[in-house]
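Undergrad: Before anything else, here's the structure in question.
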Amino acid sequence: MAPGDGRLGAMGLLQLRLHGEAGSQDAGMGAAVSEAVAVPNATMTQQQPLTVPLNPPFMRVPGKVRCQQPPWRKTLSRWEQFNPKIKYPIPKQNWSQEVNVLNAASQAGAGKPAAGPIKDAGPWETAVQKIVGFQNLEDDWDGQGAKAPSRDLLESAIGLAYTYNHNGVPPPQCVVPGIDGSVVFEWQHPDGTFAEVEIDRPLHAEVMVIEPGQPAKHWTLPTE
Amino acid sequence: MDERDPVQDDEAVLRRIHRTFFDPTLPIAVRAVAFRPNDKDIKWLSVFRARFVQPPDTLLNIDPTKARHYYVARLSVRNLQSLGLTVQPDPIPGGPLGHALIPEINWHAYRVAKQHWKPILVELAKMASADIVLKPA
């Protein structure tokens with residue numbers, strides 16, 4: 001595989017984050033749990049639901065840690081937590097920083113065997129693994145002329161996945177390659193709400209959210 | 001009955017859906033991406049008229065090793081019209097019978113008005129999810 005040819009090497013992305021040297025250690029669900037342990041219940045205010053973890057948190061109880069769901073958490077559905085979070089700004093600096101971390105990890109891990117799960121993607125691990133798998137796509141993978149995503153685009157997609165994970169956005173139900181070399185994240189909620197993020201070129205994505213009874217909302221990433 | 005005859009309101013058309021774009025565990029099983037035009041679809045989005053062709057036959061002009069990864073969905077022309085879409089006959093010499101096109105959905109139109117088309121593609125995905133007529137073997 002020639003360098004700079006726009007495709008990942010055989011180990012390429014699979015090595016990303018496998019060796020523990022990159023990325024925030026308190027990302028994802030780990031952060032959610034530690035946050036809930038560290039923050040006393042009394043400090044929770046009405047603004048905090050926007051930043052709460054998605055799963056029932058572990059709360060500190062003298063002598064042991066137990067799983068307990070406070071009343072205000074019960075009032076928020078998974079989607080109600082998700083919906084504002086996907087609207088959080090994604091500055092270019094944050095996104096590109098994640099991509100740079102991926103690049104550094106990829107270079108550091110060159111030549112090492114690719115095995116085991118991707119470590120610190122938290123609840124986004126499955127989505128990230130799926131994106132990594134897209135490196136194996138070739139042009140015309142669908143028999144109708146679909147383009148395979150480039151390495152740069154895949155790195156951007158993974159970088160955005162990590163950025164969303166840090167923001168507490170739950171992972172999408174679906175991650176698919178587009179026929180034009182893009183990568184698409186999709187969320188569906190039983191109430192009919194639909195959200196789609198299409199990474200259509202490196203460090204650029206289009207977001208669409210359709211809520212029942214409302215016109216579709218569109219914006220692009222990065223937000224600044 | 002000729003495949004060059006105008007498409008009637010009470011007809012149905014078939015659309016090929018790659019298995020990548022199908023997840024039966026989701027409320028909308030078909031991804032909207034399955035209806036997204038690419039730069040090959042300069043003039044149209046390709047469909048087949050159900051009265052001229054059986055679902056497996058719509059896959060005849062795809063590499064057999066890749067054709068086995070396809071679902072086929074059926075869409076009512078009337079429902080397409082409700083989205084502002086039309087279907088025009090477009091026979092392919094030597095290809096599967098009943099080829100037709102949806103001229104409104106093409107690469108150029110999509111590129112210049114994505115925010116208009118994306119919600120429509122989601123509606124198409126919902127319609128397709130409701131009537132899958134062929135599954136991969």
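Going through the structure tokens in order, the chains are called A, B, and so on, while each chain numbers its residues from 1 and the ligands are numbered from 1 in the order shown.
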Which residues of chain B are close to chain A, meaning at most 8 Å apart when you count only C-alpha atoms, and how do they look as an MDAnalysis selection string?

TA: chainID B and resid 18 20:21 26:28 33 36 38:40 62:63 66:67 115 119

Undergrad: Print the selection's residues with N, CA and C atoms to a file, as a PDB file, in the first residue's frame.

TA:
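out22.pdb, written as the output of this step:
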ATOM      1  N   HIS B  18     -29.315  -2.386  -1.461  1.00  0.00           N
ATOM      2  CA  HIS B  18     -28.174  -3.194  -1.004  1.00  0.00           C
ATOM      3  C   HIS B  18     -28.331  -3.527   0.478  1.00  0.00           C
ATOM      4  N   THR B  20     -26.416  -3.537   2.826  1.00  0.00           N
ATOM      5  CA  THR B  20     -25.779  -2.560   3.717  1.00  0.00           C
ATOM      6  C   THR B  20     -26.801  -1.548   4.226  1.00  0.00           C
ATOM      7  N   PHE B  21     -27.809  -1.304   3.406  1.00  0.00           N
ATOM      8  CA  PHE B  21     -28.782  -0.271   3.740  1.00  0.00           C
ATOM      9  C   PHE B  21     -30.070  -0.839   4.323  1.00  0.00           C
ATOM     10  N   LEU B  26     -34.606  -2.040  12.996  1.00  0.00           N
ATOM     11  CA  LEU B  26     -34.941  -0.626  13.185  1.00  0.00           C
ATOM     12  C   LEU B  26     -36.362  -0.328  12.703  1.00  0.00           C
ATOM     13  N   PRO B  27     -37.010   0.678  13.287  1.00  0.00           N
ATOM     14  CA  PRO B  27     -38.357   1.041  12.828  1.00  0.00           C
ATOM     15  C   PRO B  27     -38.393   1.344  11.329  1.00  0.00           C
ATOM     16  N   ILE B  28     -37.402   2.077  10.854  1.00  0.00           N
ATOM     17  CA  ILE B  28     -37.259   2.286   9.411  1.00  0.00           C
ATOM     18  C   ILE B  28     -36.101   1.386   8.973  1.00  0.00           C
ATOM     19  N   VAL B  33     -30.092   6.540   2.617  1.00  0.00           N
ATOM     20  CA  VAL B  33     -28.953   6.559   1.690  1.00  0.00           C
ATOM     21  C   VAL B  33     -29.220   5.683   0.465  1.00  0.00           C
ATOM     22  N   ARG B  36     -30.251   7.759  -2.349  1.00  0.00           N
ATOM     23  CA  ARG B  36     -29.466   8.946  -2.636  1.00  0.00           C
ATOM     24  C   ARG B  36     -28.822   8.796  -4.014  1.00  0.00           C
ATOM     25  N   ASN B  38     -26.080   9.295  -6.933  1.00  0.00           N
ATOM     26  CA  ASN B  38     -24.645   9.596  -6.972  1.00  0.00           C
ATOM     27  C   ASN B  38     -24.326  10.199  -8.332  1.00  0.00           C
ATOM     28  N   ASP B  39     -23.056  10.405  -8.577  1.00  0.00           N
ATOM     29  CA  ASP B  39     -22.719  11.114  -9.811  1.00  0.00           C
ATOM     30  C   ASP B  39     -22.944  10.263 -11.057  1.00  0.00           C
ATOM     31  N   LYS B  40     -23.338   8.984 -10.865  1.00  0.00           N
ATOM     32  CA  LYS B  40     -23.760   8.176 -12.018  1.00  0.00           C
ATOM     33  C   LYS B  40     -25.213   8.475 -12.385  1.00  0.00           C
ATOM     34  N   ILE B  62     -26.647  -6.768 -12.591  1.00  0.00           N
ATOM     35  CA  ILE B  62     -25.637  -6.525 -11.546  1.00  0.00           C
ATOM     36  C   ILE B  62     -24.761  -7.774 -11.456  1.00  0.00           C
ATOM     37  N   ASP B  63     -23.475  -7.586 -11.227  1.00  0.00           N
ATOM     38  CA  ASP B  63     -22.540  -8.697 -11.037  1.00  0.00           C
ATOM     39  C   ASP B  63     -23.170  -9.716 -10.072  1.00  0.00           C
ATOM     40  N   LYS B  66     -22.412  -9.823  -6.495  1.00  0.00           N
ATOM     41  CA  LYS B  66     -22.894  -8.686  -5.709  1.00  0.00           C
ATOM     42  C   LYS B  66     -24.422  -8.635  -5.685  1.00  0.00           C
ATOM     43  N   ALA B  67     -25.054  -9.175  -6.709  1.00  0.00           N
ATOM     44  CA  ALA B  67     -26.518  -9.142  -6.774  1.00  0.00           C
ATOM     45  C   ALA B  67     -27.160  -9.914  -5.625  1.00  0.00           C
ATOM     46  N   GLN B 115     -31.084  19.971   1.388  1.00  0.00           N
ATOM     47  CA  GLN B 115     -32.012  20.120   2.511  1.00  0.00           C
ATOM     48  C   GLN B 115     -33.456  19.870   2.086  1.00  0.00           C
ATOM     49  N   PRO B 119     -35.151  14.981   3.525  1.00  0.00           N
ATOM     50  CA  PRO B 119     -36.376  14.469   4.176  1.00  0.00           C
ATOM     51  C   PRO B 119     -37.234  13.624   3.230  1.00  0.00           C
TER      52      PRO B 119
END

Undergrad: Out of stretch 53-83 of chain B, which residues get alpha helix (DSSP H) from DSSP, as a PyMOL selection string?

TA: chain B and resi 64-67+77-82

Undergrad: Name the residues in contact with A:Gln97 at a cut-off of 12 Å, using only C-alpha atoms, excluding same-chain residues fewer than 2 positions from it; report them as a list in words.

TA: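 Counting only the stated atoms, we get Ala22, Gly23, Ser24, Ile90, Pro91, Lys92, Gln93, Asn94, Trp95, Val99, Asn100, Val101, Leu102, Asn103, Ala104, Glu155, Ser156, Ile158, Gly159, Leu160, Tyr162, Thr163 and Leu203 of chain A.
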
Undergrad: Take the selection from the previous step and output its residues with N, CA and C atoms, as a JSON list (two decimals), in the first residue's frame.

TA:
[["chain", "number", "residue", "atom", "x", "y", "z"],
["A", 22, "ALA", "N", -3.34, 6.91, 23.42],
["A", 22, "ALA", "CA", -3.99, 8.09, 22.86],
["A", 22, "ALA", "C", -5.37, 8.29, 23.48],
["A", 23, "GLY", "N", -5.74, 9.56, 23.45],
["A", 23, "GLY", "CA", -7.12, 9.86, 23.81],
["A", 23, "GLY", "C", -7.35, 10.07, 25.29],
["A", 24, "SER", "N", -8.49, 10.64, 25.57],
["A", 24, "SER", "CA", -8.84, 10.92, 26.95],
["A", 24, "SER", "C", -9.15, 9.62, 27.67],
["A", 90, "ILE", "N", -19.76, 21.58, 17.65],
["A", 90, "ILE", "CA", -18.57, 20.76, 17.42],
["A", 90, "ILE", "C", -17.54, 21.67, 16.77],
["A", 91, "PRO", "N", -16.72, 22.35, 17.56],
["A", 91, "PRO", "CA", -15.71, 23.22, 16.95],
["A", 91, "PRO", "C", -14.72, 22.41, 16.13],
["A", 92, "LYS", "N", -14.25, 23.02, 15.08],
["A", 92, "LYS", "CA", -13.29, 22.34, 14.20],
["A", 92, "LYS", "C", -12.07, 21.89, 14.99],
["A", 93, "GLN", "N", -11.68, 22.73, 15.94],
["A", 93, "GLN", "CA", -10.48, 22.41, 16.73],
["A", 93, "GLN", "C", -10.66, 21.08, 17.47],
["A", 94, "ASN", "N", -11.84, 20.88, 18.08],
["A", 94, "ASN", "CA", -12.07, 19.64, 18.83],
["A", 94, "ASN", "C", -12.06, 18.43, 17.91],
["A", 95, "TRP", "N", -12.73, 18.58, 16.79],
["A", 95, "TRP", "CA", -12.83, 17.47, 15.85],
["A", 95, "TRP", "C", -11.45, 17.11, 15.28],
["A", 99, "VAL", "N", -8.94, 13.73, 15.35],
["A", 99, "VAL", "CA", -8.35, 13.10, 14.16],
["A", 99, "VAL", "C", -6.83, 13.04, 14.29],
["A", 100, "ASN", "N", -6.23, 14.11, 14.84],
["A", 100, "ASN", "CA", -4.78, 14.11, 15.02],
["A", 100, "ASN", "C", -4.35, 13.03, 15.99],
["A", 101, "VAL", "N", -5.14, 12.83, 17.04],
["A", 101, "VAL", "CA", -4.83, 11.77, 17.99],
["A", 101, "VAL", "C", -4.86, 10.42, 17.28],
["A", 102, "LEU", "N", -5.85, 10.25, 16.41],
["A", 102, "LEU", "CA", -5.95, 9.00, 15.66],
["A", 102, "LEU", "C", -4.73, 8.79, 14.78],
["A", 103, "ASN", "N", -4.32, 9.87, 14.12],
["A", 103, "ASN", "CA", -3.15, 9.76, 13.25],
["A", 103, "ASN", "C", -1.91, 9.38, 14.04],
["A", 104, "ALA", "N", -1.75, 10.03, 15.20],
["A", 104, "ALA", "CA", -0.57, 9.75, 16.02],
["A", 104, "ALA", "C", -0.59, 8.30, 16.49],
["A", 155, "GLU", "N", -11.03, 8.56, 8.93],
["A", 155, "GLU", "CA", -10.45, 9.13, 10.14],
["A", 155, "GLU", "C", -11.33, 10.25, 10.69],
["A", 156, "SER", "N", -11.88, 11.04, 9.79],
["A", 156, "SER", "CA", -12.79, 12.11, 10.23],
["A", 156, "SER", "C", -14.04, 11.53, 10.89],
["A", 158, "ILE", "N", -14.30, 8.65, 12.42],
["A", 158, "ILE", "CA", -13.95, 8.12, 13.75],
["A", 158, "ILE", "C", -13.70, 9.28, 14.71],
["A", 159, "GLY", "N", -13.03, 10.31, 14.22],
["A", 159, "GLY", "CA", -12.81, 11.48, 15.08],
["A", 159, "GLY", "C", -14.11, 12.10, 15.55],
["A", 160, "LEU", "N", -15.09, 12.15, 14.66],
["A", 160, "LEU", "CA", -16.38, 12.70, 15.05],
["A", 160, "LEU", "C", -17.09, 11.77, 16.05],
["A", 162, "TYR", "N", -15.63, 9.94, 18.30],
["A", 162, "TYR", "CA", -15.03, 10.21, 19.61],
["A", 162, "TYR", "C", -15.50, 11.55, 20.17],
["A", 163, "THR", "N", -15.64, 12.53, 19.30],
["A", 163, "THR", "CA", -16.09, 13.84, 19.76],
["A", 163, "THR", "C", -17.51, 13.75, 20.31],
["A", 203, "LEU", "N", -13.39, 16.21, 7.74],
["A", 203, "LEU", "CA", -13.71, 17.30, 8.66],
["A", 203, "LEU", "C", -14.90, 18.14, 8.21]]

Undergrad: Give me the residues within 10 Å of B:Pro136 as a list in words, counting only C-alpha atoms and dropping any in the same chain fewer than 4 places off.

TA: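 That gives His18, Arg19, Pro56, Ala67, Arg68, His69, Tyr70, Tyr71 and Val72 of chain B.
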